[in-house]
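Enquirer: Sharing coords.cif here; it has mmCIF, C-alpha atoms.
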```
data_entry
#
loop_
_atom_site.label_atom_id
_atom_site.label_comp_id
_atom_site.auth_asym_id
_atom_site.auth_seq_id
_atom_site.Cartn_x
_atom_site.Cartn_y
_atom_site.Cartn_z
CA MET J 1 -21.37 0.80 49.53
CA PRO J 2 -20.92 4.61 49.51
CA GLY J 3 -21.25 6.47 52.78
CA ALA J 4 -23.82 9.11 53.67
CA ILE J 5 -21.72 11.63 51.71
CA TYR J 6 -19.85 10.40 48.66
CA ALA J 7 -17.98 12.23 45.93
CA GLU J 8 -15.89 10.86 43.10
CA GLY J 9 -13.73 12.94 40.78
CA LEU J 10 -15.42 16.31 41.41
CA VAL J 11 -14.09 19.02 39.11
CA LYS J 12 -15.19 22.65 39.09
CA THR J 13 -13.58 25.54 37.23
CA PHE J 14 -14.25 29.27 37.18
CA GLY J 15 -12.64 30.67 34.07
CA ASP J 16 -8.95 29.80 34.33
CA VAL J 17 -9.21 28.84 38.01
CA ARG J 18 -9.59 25.14 38.82
CA ALA J 19 -11.33 25.27 42.19
CA LEU J 20 -11.81 21.48 42.40
CA ASP J 21 -9.40 19.17 40.64
CA GLY J 22 -10.78 15.66 41.08
CA VAL J 23 -11.98 15.56 44.70
CA ASP J 24 -12.91 12.16 46.17
CA LEU J 25 -14.73 11.93 49.52
CA ASP J 26 -16.52 9.19 51.45
CA VAL J 27 -18.13 9.94 54.82
CA PRO J 28 -19.64 6.97 56.71
CA GLU J 29 -23.04 7.45 58.31
CA GLY J 30 -22.97 8.97 61.78
CA THR J 31 -19.40 10.32 61.53
CA VAL J 32 -17.70 13.68 61.08
CA LEU J 33 -15.31 14.39 58.23
CA GLY J 34 -13.18 17.47 58.74
CA LEU J 35 -12.29 19.13 55.44
CA LEU J 36 -9.13 21.02 56.34
CA GLY J 37 -7.39 23.59 54.18
CA PRO J 38 -6.34 27.22 53.73
CA ASN J 39 -8.05 30.06 51.87
CA GLY J 40 -8.75 29.10 48.28
CA ALA J 41 -8.16 25.38 48.84
CA GLY J 42 -11.57 24.41 47.43
CA LYS J 43 -13.45 23.54 50.61
CA THR J 44 -16.40 25.87 50.11
CA THR J 45 -16.66 24.93 46.43
CA ALA J 46 -16.87 21.26 47.42
CA VAL J 47 -19.65 21.99 49.92
CA ARG J 48 -21.60 23.99 47.35
CA CYS J 49 -21.38 21.17 44.83
CA LEU J 50 -22.51 18.58 47.39
CA THR J 51 -25.43 20.75 48.55
CA THR J 52 -26.69 21.50 44.99
CA LEU J 53 -25.71 25.20 45.07
CA LEU J 54 -23.18 24.62 42.30
CA ARG J 55 -23.11 22.03 39.53
CA PRO J 56 -19.71 20.38 39.12
CA ASP J 57 -18.20 20.26 35.64
CA ARG J 58 -17.32 16.60 36.07
CA GLY J 59 -17.66 13.90 38.67
CA ARG J 60 -20.31 12.16 40.72
CA ALA J 61 -21.83 12.93 44.10
CA VAL J 62 -24.31 11.05 46.29
CA VAL J 63 -25.73 12.48 49.53
CA ALA J 64 -28.07 10.50 51.82
CA GLY J 65 -28.28 7.86 49.10
CA ILE J 66 -29.50 10.38 46.50
CA ASP J 67 -27.66 11.36 43.32
CA VAL J 68 -26.94 15.07 43.68
CA LEU J 69 -26.99 15.84 39.96
CA ALA J 70 -30.02 13.70 39.07
CA HIS J 71 -32.28 14.60 42.02
CA PRO J 72 -31.19 17.92 43.56
CA ASP J 73 -34.63 18.68 45.04
CA GLN J 74 -34.63 15.40 46.97
CA VAL J 75 -31.12 16.11 48.25
CA ARG J 76 -32.20 19.53 49.58
CA ARG J 77 -34.96 17.88 51.60
CA SER J 78 -32.43 15.55 53.21
CA ILE J 79 -29.71 17.96 54.28
CA GLY J 80 -29.01 20.94 56.49
CA LEU J 81 -26.47 23.64 55.66
CA SER J 82 -24.85 26.17 57.94
CA GLY J 83 -22.63 28.52 55.96
CA GLN J 84 -19.71 30.73 56.88
CA PHE J 85 -22.00 33.61 57.82
CA ALA J 86 -25.22 33.30 59.82
CA ALA J 87 -28.12 33.44 57.35
CA VAL J 88 -30.82 34.80 59.65
CA ASP J 89 -33.35 37.58 59.15
CA GLU J 90 -32.19 40.32 61.52
CA TYR J 91 -35.64 41.89 61.81
CA LEU J 92 -37.40 38.70 62.87
CA THR J 93 -37.10 37.29 66.37
CA GLY J 94 -35.24 34.06 66.96
CA ARG J 95 -38.53 32.22 67.29
CA GLU J 96 -39.94 33.78 64.10
CA ASN J 97 -36.80 32.84 62.16
CA LEU J 98 -37.17 29.19 63.09
CA GLN J 99 -40.92 29.11 62.50
CA MET J 100 -40.40 30.66 59.07
CA VAL J 101 -37.91 27.96 58.11
CA GLY J 102 -40.31 25.25 59.25
CA GLN J 103 -43.11 26.67 57.14
CA LEU J 104 -40.77 26.94 54.13
CA TYR J 105 -40.34 23.20 54.56
CA GLN J 106 -44.18 22.92 54.50
CA MET J 107 -44.58 22.11 58.18
CA THR J 108 -47.87 23.16 59.70
CA ALA J 109 -47.81 26.38 61.74
CA LYS J 110 -48.40 24.36 64.93
CA ALA J 111 -45.58 21.91 64.15
CA ALA J 112 -43.19 24.73 63.17
CA LYS J 113 -43.91 26.55 66.43
CA ALA J 114 -43.33 23.43 68.50
CA ARG J 115 -40.08 22.62 66.69
CA ALA J 116 -38.87 26.20 67.12
CA GLY J 117 -39.42 25.94 70.85
CA GLU J 118 -37.45 22.68 71.05
CA LEU J 119 -34.50 24.14 69.17
CA LEU J 120 -34.46 27.37 71.15
CA ASP J 121 -34.14 25.30 74.32
CA GLN J 122 -31.51 23.00 72.81
CA PHE J 123 -29.33 25.91 71.68
CA ASN J 124 -29.72 27.94 74.87
CA LEU J 125 -31.62 30.71 73.10
CA ALA J 126 -34.95 30.46 74.94
CA ASP J 127 -34.32 33.63 76.98
CA ALA J 128 -33.73 35.61 73.77
CA ALA J 129 -36.40 33.85 71.69
CA ASP J 130 -38.63 36.90 71.28
CA ARG J 131 -35.90 39.46 70.65
CA PRO J 132 -35.03 40.57 67.10
CA ALA J 133 -32.01 38.66 65.77
CA LYS J 134 -30.19 41.94 65.14
CA THR J 135 -29.79 42.26 68.93
CA TYR J 136 -28.02 38.88 69.16
CA SER J 137 -24.28 38.49 69.68
CA GLY J 138 -22.21 36.77 67.02
CA GLY J 139 -22.26 33.50 68.94
CA MET J 140 -26.03 33.65 69.39
CA ARG J 141 -26.57 34.29 65.67
CA ARG J 142 -24.32 31.35 64.87
CA ARG J 143 -26.36 29.08 67.15
CA LEU J 144 -29.61 30.37 65.64
CA ASP J 145 -28.31 29.69 62.13
CA LEU J 146 -27.37 26.14 63.12
CA ALA J 147 -30.77 25.65 64.75
CA ALA J 148 -32.45 26.77 61.50
CA ALA J 149 -30.47 24.15 59.58
CA LEU J 150 -31.86 21.49 61.95
CA VAL J 151 -35.55 22.38 61.84
CA VAL J 152 -36.39 19.26 59.84
CA SER J 153 -33.82 17.03 61.62
CA PRO J 154 -31.80 16.25 58.48
CA PRO J 155 -29.76 13.02 58.44
CA VAL J 156 -26.85 14.83 56.77
CA MET J 157 -25.38 18.20 57.75
CA PHE J 158 -22.84 20.46 56.07
CA MET J 159 -21.11 23.14 58.14
CA ASP J 160 -18.88 25.53 56.24
CA GLU J 161 -16.52 27.32 58.65
CA PRO J 162 -19.12 27.18 61.47
CA THR J 163 -17.01 28.96 64.08
CA THR J 164 -15.40 31.65 61.92
CA GLY J 165 -15.20 34.91 63.86
CA LEU J 166 -16.35 33.46 67.18
CA ASP J 167 -14.47 34.05 70.42
CA PRO J 168 -13.03 30.97 72.20
CA ARG J 169 -15.97 30.67 74.63
CA ASN J 170 -18.61 30.69 71.87
CA ARG J 171 -16.50 28.33 69.79
CA GLN J 172 -16.39 25.82 72.65
CA GLN J 173 -20.17 26.10 73.10
CA LEU J 174 -20.76 25.41 69.42
CA TRP J 175 -18.42 22.43 69.54
CA GLU J 176 -20.56 20.92 72.28
CA VAL J 177 -23.69 21.42 70.18
CA ILE J 178 -22.01 19.74 67.20
CA LYS J 179 -20.92 16.75 69.31
CA GLN J 180 -24.46 16.30 70.63
CA LEU J 181 -25.78 16.44 67.08
CA VAL J 182 -23.43 13.73 65.84
CA SER J 183 -24.07 11.54 68.89
CA GLY J 184 -27.70 11.50 67.76
CA GLY J 185 -26.70 9.86 64.46
CA THR J 186 -26.26 12.84 62.13
CA THR J 187 -23.53 12.63 59.49
CA LEU J 188 -21.49 15.81 59.23
CA LEU J 189 -19.07 17.32 56.76
CA LEU J 190 -17.25 20.17 58.47
CA THR J 191 -14.94 22.59 56.68
CA THR J 192 -12.49 24.49 58.82
CA GLN J 193 -9.18 26.30 58.92
CA TYR J 194 -8.95 25.82 62.68
CA LEU J 195 -6.63 22.88 63.14
CA GLU J 196 -7.72 22.48 66.76
CA GLU J 197 -11.34 22.24 65.60
CA ALA J 198 -10.65 19.38 63.21
CA ASP J 199 -8.62 17.62 65.90
CA HIS J 200 -11.43 18.05 68.44
CA LEU J 201 -14.49 17.14 66.35
CA ALA J 202 -13.59 15.00 63.33
CA HIS J 203 -13.45 11.21 63.22
CA ASP J 204 -11.55 11.51 59.96
CA ILE J 205 -9.74 14.42 58.28
CA ALA J 206 -9.19 15.20 54.60
CA VAL J 207 -6.52 17.80 53.89
CA VAL J 208 -7.32 19.87 50.80
CA ASP J 209 -4.93 22.10 48.90
CA HIS J 210 -5.28 23.60 45.42
CA GLY J 211 -8.53 21.73 44.79
CA ARG J 212 -7.20 18.29 45.62
CA VAL J 213 -7.34 15.97 48.64
CA ILE J 214 -3.66 15.54 49.44
CA ALA J 215 -4.00 13.43 52.60
CA ARG J 216 -6.68 11.51 54.47
CA GLY J 217 -6.77 9.81 57.85
CA THR J 218 -7.50 10.16 61.52
CA SER J 219 -5.80 12.92 63.48
CA ASP J 220 -3.32 10.44 64.96
CA GLN J 221 -2.57 8.89 61.57
CA LEU J 222 -1.84 12.25 60.02
CA LYS J 223 0.34 13.32 62.94
CA ALA J 224 2.34 10.10 62.63
CA ARG J 225 3.41 11.20 59.15
CA THR J 226 5.43 14.12 60.54
CA GLY J 227 8.04 12.03 62.31
CA GLY J 228 6.93 11.46 65.89
CA GLU J 229 7.79 13.18 69.15
CA ARG J 230 10.25 15.94 69.99
CA VAL J 231 11.99 16.90 73.21
CA GLU J 232 12.15 20.66 73.71
CA VAL J 233 14.51 22.17 76.30
CA VAL J 234 15.01 25.80 77.31
CA VAL J 235 18.33 26.18 79.16
CA HIS J 236 18.80 28.86 81.81
CA GLU J 237 22.31 29.97 80.85
CA ARG J 238 23.28 30.61 77.22
CA GLU J 239 26.81 29.24 77.79
CA HIS J 240 25.30 25.82 78.57
CA MET J 241 23.60 25.48 75.18
CA ALA J 242 26.49 23.64 73.49
CA THR J 243 26.62 21.05 76.29
CA ALA J 244 22.83 20.66 76.25
CA ALA J 245 22.96 20.10 72.50
CA GLU J 246 25.54 17.36 73.03
CA VAL J 247 23.25 15.68 75.57
CA LEU J 248 20.23 15.82 73.25
CA ARG J 249 22.21 14.42 70.33
CA GLY J 250 22.83 11.36 72.47
CA PHE J 251 19.12 10.72 72.79
CA GLY J 252 17.87 12.06 69.46
CA LYS J 253 16.79 10.36 66.26
CA GLY J 254 17.70 13.29 64.05
CA ASP J 255 19.27 16.73 63.97
CA THR J 256 19.07 18.98 67.01
CA THR J 257 17.60 22.40 66.32
CA VAL J 258 19.08 25.28 68.31
CA GLU J 259 17.39 28.68 68.71
CA GLU J 260 20.01 31.01 70.18
CA HIS J 261 17.69 33.92 70.94
CA THR J 262 15.25 31.82 72.99
CA ARG J 263 17.86 29.34 74.35
CA LYS J 264 15.60 26.52 73.11
CA LEU J 265 16.85 23.21 71.73
CA THR J 266 14.65 20.66 69.99
CA VAL J 267 15.40 17.09 68.91
CA PRO J 268 13.20 14.30 67.44
CA VAL J 269 13.00 11.25 69.72
CA THR J 270 11.25 7.97 70.34
CA GLY J 271 10.56 6.63 73.80
CA GLY J 272 7.96 8.95 75.25
CA ALA J 273 7.86 9.98 78.91
CA LYS J 274 10.46 7.39 79.98
CA LEU J 275 13.04 8.91 77.64
CA LEU J 276 12.14 12.42 78.82
CA ALA J 277 12.98 11.40 82.40
CA GLU J 278 16.37 10.10 81.21
CA VAL J 279 17.10 13.39 79.42
CA ILE J 280 16.29 15.34 82.60
CA ARG J 281 18.61 13.13 84.67
CA GLU J 282 21.48 13.53 82.21
CA LEU J 283 21.09 17.30 82.04
CA ASP J 284 21.12 17.42 85.84
CA THR J 285 24.23 15.24 85.98
CA ARG J 286 25.97 17.66 83.63
CA GLY J 287 25.00 20.60 85.84
CA ILE J 288 22.78 22.21 83.19
CA GLU J 289 20.01 24.30 84.73
CA ILE J 290 16.83 24.41 82.64
CA ASP J 291 13.91 26.82 82.58
CA ASP J 292 11.55 24.46 80.74
CA ILE J 293 11.47 20.99 79.25
CA GLY J 294 8.72 19.00 77.58
CA LEU J 295 7.78 16.21 75.24
CA ARG J 296 5.97 17.70 72.27
CA ARG J 297 3.84 15.57 70.01
CA PRO J 298 3.11 16.71 66.43
CA THR J 299 0.09 18.97 66.01
CA LEU J 300 -2.14 19.30 62.99
CA ASP J 301 -0.29 22.56 62.31
CA ASP J 302 2.86 20.47 61.87
CA VAL J 303 0.98 18.05 59.64
CA PHE J 304 -0.39 20.78 57.42
CA LEU J 305 2.98 22.45 57.08
CA SER J 306 4.70 19.17 56.21
CA LEU J 307 2.06 18.27 53.62
CA THR J 308 1.60 21.61 51.91
CA GLY J 309 4.80 23.53 52.60
CA HIS J 310 2.82 26.42 54.10
CA VAL J 311 0.72 27.13 57.16
CA ALA J 312 -3.07 27.23 57.25
CA GLU J 313 -4.31 30.81 57.29
CA ALA J 314 -6.64 31.90 60.08
CA GLY J 315 -9.47 34.34 59.56
CA ASP J 316 -12.61 34.63 57.48
CA GLU J 317 -12.51 32.41 54.46
CA GLU J 318 -14.16 32.30 51.14
CA ASP J 319 -12.46 30.03 48.62
CA GLY J 320 -10.69 32.28 46.19
CA ALA J 321 -12.33 30.71 43.17
CA ASP J 322 -15.78 30.85 44.66
CA GLY J 323 -15.99 34.58 44.19
CA ALA J 324 -16.60 33.82 40.51
CA SER J 325 -19.67 31.82 41.28
CA GLY J 326 -21.83 34.75 42.28
CA THR J 327 -24.07 34.79 45.35
CA PRO J 328 -26.03 31.54 45.43
CA ALA J 329 -29.07 30.95 47.61
CA ASP J 330 -28.51 28.77 50.62
CA SER J 331 -30.46 25.59 51.34
CA ARG J 332 -33.28 27.58 52.97
CA GLY J 333 -33.88 29.69 49.88
CA ARG J 334 -32.38 32.97 51.12
CA LYS J 335 -29.55 34.87 49.45
CA ARG J 336 -26.21 34.70 51.20
CA LYS J 337 -24.23 37.86 51.59
CA LYS J 338 -21.30 38.02 49.20
CA GLU J 339 -18.20 37.16 51.19
CA THR J 340 -14.94 39.01 50.83
CA VAL J 341 -12.32 37.13 48.88
CA LYS J 342 -8.95 37.25 50.56
#
```
The structure in this file should be written as structure tokens.

Expert:
Amino acid sequence: MPGAIYAEGLVKTFGDVRALDGVDLDVPEGTVLGLLGPNGAGKTTAVRCLTTLLRPDRGRAVVAGIDVLAHPDQVRRSIGLSGQFAAVDEYLTGRENLQMVGQLYQMTAKAAKARAGELLDQFNLADAADRPAKTYSGGMRRRLDLAAALVVSPPVMFMDEPTTGLDPRNRQQLWEVIKQLVSGGTTLLLTTQYLEEADHLAHDIAVVDHGRVIARGTSDQLKARTGGERVEVVVHEREHMATAAEVLRGFGKGDTTVEEHTRKLTVPVTGGAKLLAEVIRELDTRGIEIDDIGLRRPTLDDVFLSLTGHVAEAGDEEDGADGASGTPADSRGRKRKKETVK
């Protein structure tokens, strides 16, 4: 049985650009799928197809048990969408923004006001509730935008680059909000370029490149594909590097990498912390003084590089092909600002 978000063979082209090239997704209820990829990978196009903002050329999609192509209006009533840029009215207060969204969803004025108050408290915006949104910081606008997407407590949420442009403190705050949301049973599809974000929030990760899902698994499963652990050593004296390399070769399961300018040596190993202790003892026996040593496990950066041959690009994203799609309205009926294509 398909999950809360299901896609099979999604294809979307813009002229000669194939933004989606047969994307398959399946997100179980109450979990987070991290859609990870660089600029132009197809992440935003996939979200727009799943949230009825774009119609795919081919393929099938089901969200909250509803066929996206056959019943788009029903899908919109069952989802929340937070895009790359906060879609709030700058001239309304935070409270007025949320009340307006509630009334657009045909809530009574009384119910919309009550719900706005709940969300302002939940997102730590109560103190700024009656200030115009244009006076809010970037992090506050982001939280207000997410609150607006939750006015009707949708069972399924889509967040497209939710922390783009936020400083580390605001990013951490938003992560906590997202975790609380999912713990309450919401299903979430999260697109991101921040590898740490996918590692921190997602139960499962799909790596997207050139419109295709090229890998799928948990963070640990994907990291296991890169070849395991590495011992990294920085020796104190450059003349000891050759001897240190000889020591590491004795413990390693592959070639030793030597960086002359930083005096750092790296070798793939198996054995974890116990082996690291043995390496330290052997280096000490050989009289090799070290400035630093550590056991480094693969990161999602390593995974992405090994899968795609290039690094994920940080910064504001809009899928390269999506620029051809115009400026669609978001799920709350307002026009999104046209994003810069990089």

Enquirer: What does the distance from CA of Ser78 in chain J to CA of Tyr105 in chain J come to in Å, to one decimal?

Expert: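 Between CA of Ser78 in chain J and CA of Tyr105 in chain J the gap is 11.1 Å.
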
Enquirer: To one decimal in Å, tell me the separation between CA of Lys274 in chain J and CA of Arg238 in chain J.

Expert: 26.7 Å

Enquirer: Which neighbours of Gly271 in chain J fall inside 9 Å, counting only C-alpha atoms, when residues of the same chain fewer than 4 positions from it are skipped, and could you give them as an mmCIF file with C-alpha atoms, in the coordinates of the input?

Expert:
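Written file, selection12.cif:
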```cif
data_model
loop_
_atom_site.group_PDB
_atom_site.id
_atom_site.type_symbol
_atom_site.label_atom_id
_atom_site.label_comp_id
_atom_site.auth_asym_id
_atom_site.auth_seq_id
_atom_site.Cartn_x
_atom_site.Cartn_y
_atom_site.Cartn_z
ATOM 1 C CA GLU J 229 7.790 13.180 69.150
ATOM 2 C CA LEU J 275 13.040 8.910 77.640
ATOM 3 C CA LEU J 276 12.140 12.420 78.820
#
```

Enquirer: Just say which residues the PyMOL selection byres ((chain J and resi 92) around 9) picks in this file, as a count of residues only.

Expert: 14

Enquirer: Taking only C-alpha atoms into account, which of J:Asp292, J:Val156, J:Leu144, J:Gly102 comes nearest Ile5 in chain J?

Expert: J:Val156

Enquirer: Please evaluate the PyMOL selection byres ((chain J and resi 183-190) around 6) against the displayed coordinates and give the resulting residues as number ranges by chain.

Expert: J: 29-35, 155-159, 180-182, 191

Enquirer: Would you mind reading off the distance between CA of Val11 in chain J and CA of Pro56 in chain J, one decimal, in Å?

Expert: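 If I compute the distance from CA of Val11 in chain J to CA of Pro56 in chain J, I get 5.8 Å.
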
Enquirer: Name the residues captured by the PyMOL selection byres ((chain J and resi 215-218) around 9) when it is applied to the shown file; answer as a PDB file with C-alpha atoms, in the frame of the given file.

Expert:
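Okay, this is what ended up in part-v9.pdb:
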```pdb
ATOM      1  CA  ASP J 199      -8.620  17.620  65.900  1.00  0.00           C
ATOM      2  CA  ALA J 202     -13.590  15.000  63.330  1.00  0.00           C
ATOM      3  CA  HIS J 203     -13.450  11.210  63.220  1.00  0.00           C
ATOM      4  CA  ASP J 204     -11.550  11.510  59.960  1.00  0.00           C
ATOM      5  CA  ILE J 205      -9.740  14.420  58.280  1.00  0.00           C
ATOM      6  CA  ALA J 206      -9.190  15.200  54.600  1.00  0.00           C
ATOM      7  CA  VAL J 207      -6.520  17.800  53.890  1.00  0.00           C
ATOM      8  CA  VAL J 208      -7.320  19.870  50.800  1.00  0.00           C
ATOM      9  CA  VAL J 213      -7.340  15.970  48.640  1.00  0.00           C
ATOM     10  CA  ILE J 214      -3.660  15.540  49.440  1.00  0.00           C
ATOM     11  CA  SER J 219      -5.800  12.920  63.480  1.00  0.00           C
ATOM     12  CA  ASP J 220      -3.320  10.440  64.960  1.00  0.00           C
ATOM     13  CA  GLN J 221      -2.570   8.890  61.570  1.00  0.00           C
ATOM     14  CA  LEU J 222      -1.840  12.250  60.020  1.00  0.00           C
ATOM     15  CA  LYS J 223       0.340  13.320  62.940  1.00  0.00           C
ATOM     16  CA  LEU J 307       2.060  18.270  53.620  1.00  0.00           C
TER      17      LEU J 307
END
```

Enquirer: Which of these residues is nearest to Gln103 in chain J, using all atoms listed in the file: J:Asp16, J:Val152, J:Gly309, J:Val279?

Expert: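 Nearest candidate to Gln103 in chain J out of J:Asp16, J:Val152, J:Gly309, J:Val279: J:Val152.
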
Enquirer: Around (6.8, 18.6, 73.3) in the file's frame, which residues reach within 12 Å when counting only C-alpha atoms? Return as a compact mmCIF listing (two decimals) with C-alpha atoms, in the frame of the given file?

Expert:
```txt
# COMPACT_ATOMS: atom_id res chain seq x y z
CA GLY J 228 6.93 11.46 65.89
CA GLU J 229 7.79 13.18 69.15
CA ARG J 230 10.25 15.94 69.99
CA VAL J 231 11.99 16.90 73.21
CA GLU J 232 12.15 20.66 73.71
CA VAL J 233 14.51 22.17 76.30
CA VAL J 234 15.01 25.80 77.31
CA LYS J 264 15.60 26.52 73.11
CA LEU J 265 16.85 23.21 71.73
CA THR J 266 14.65 20.66 69.99
CA VAL J 267 15.40 17.09 68.91
CA PRO J 268 13.20 14.30 67.44
CA VAL J 269 13.00 11.25 69.72
CA THR J 270 11.25 7.97 70.34
CA GLY J 272 7.96 8.95 75.25
CA ALA J 273 7.86 9.98 78.91
CA LEU J 276 12.14 12.42 78.82
CA ASP J 292 11.55 24.46 80.74
CA ILE J 293 11.47 20.99 79.25
CA GLY J 294 8.72 19.00 77.58
CA LEU J 295 7.78 16.21 75.24
CA ARG J 296 5.97 17.70 72.27
CA ARG J 297 3.84 15.57 70.01
CA PRO J 298 3.11 16.71 66.43
CA THR J 299 0.09 18.97 66.01
```

Enquirer: Using all atoms of range 195-205 of chain J that appear in the file, construct an axis-aligned enclosing box with 4 Å of padding on every side and provide its centre coordinates and edge lengths in Å, rounded to one decimal, as JSON.

Expert:
```
{"center_x": -10.6, "center_y": 17.0, "center_z": 63.4, "size_x": 15.9, "size_y": 19.7, "size_z": 18.2}
```

Enquirer: Which of these, J:Thr164, J:Gln106, J:Thr192, J:Gln74, has the shortest distance to Thr44 in chain J once you count all atoms listed in the file?

Expert: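 Counting all atoms listed in the file, the residue closest to Thr44 in chain J is J:Thr192.
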
Enquirer: Scan for residues within 12 Å of the point (23.2, 19.0, 73.6) in the coordinates of the file, using only C-alpha atoms, and reply as number ranges by chain.

Expert: J: 231-235, 239-252, 255-258, 263-267, 279-280, 282-283, 286, 288

Enquirer: Write the residues of the selection above to a file with C-alpha atoms, as a compact mmCIF listing (two decimals), in the coordinates of the input.

Expert:
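Saved file selection-v5.txt follows:
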```
# COMPACT_ATOMS: atom_id res chain seq x y z
CA VAL J 231 11.99 16.90 73.21
CA GLU J 232 12.15 20.66 73.71
CA VAL J 233 14.51 22.17 76.30
CA VAL J 234 15.01 25.80 77.31
CA VAL J 235 18.33 26.18 79.16
CA GLU J 239 26.81 29.24 77.79
CA HIS J 240 25.30 25.82 78.57
CA MET J 241 23.60 25.48 75.18
CA ALA J 242 26.49 23.64 73.49
CA THR J 243 26.62 21.05 76.29
CA ALA J 244 22.83 20.66 76.25
CA ALA J 245 22.96 20.10 72.50
CA GLU J 246 25.54 17.36 73.03
CA VAL J 247 23.25 15.68 75.57
CA LEU J 248 20.23 15.82 73.25
CA ARG J 249 22.21 14.42 70.33
CA GLY J 250 22.83 11.36 72.47
CA PHE J 251 19.12 10.72 72.79
CA GLY J 252 17.87 12.06 69.46
CA ASP J 255 19.27 16.73 63.97
CA THR J 256 19.07 18.98 67.01
CA THR J 257 17.60 22.40 66.32
CA VAL J 258 19.08 25.28 68.31
CA ARG J 263 17.86 29.34 74.35
CA LYS J 264 15.60 26.52 73.11
CA LEU J 265 16.85 23.21 71.73
CA THR J 266 14.65 20.66 69.99
CA VAL J 267 15.40 17.09 68.91
CA VAL J 279 17.10 13.39 79.42
CA ILE J 280 16.29 15.34 82.60
CA GLU J 282 21.48 13.53 82.21
CA LEU J 283 21.09 17.30 82.04
CA ARG J 286 25.97 17.66 83.63
CA ILE J 288 22.78 22.21 83.19
```

Enquirer: So that I can check the surroundings of Asp21 in chain J, please list as a ChimeraX atom specification every protein, DNA and RNA residue that reaches within 9 Å of it, counting all atoms listed in the file and ignoring chain neighbours fewer than 6 positions away.

Expert: /J:9-13,42,210-213
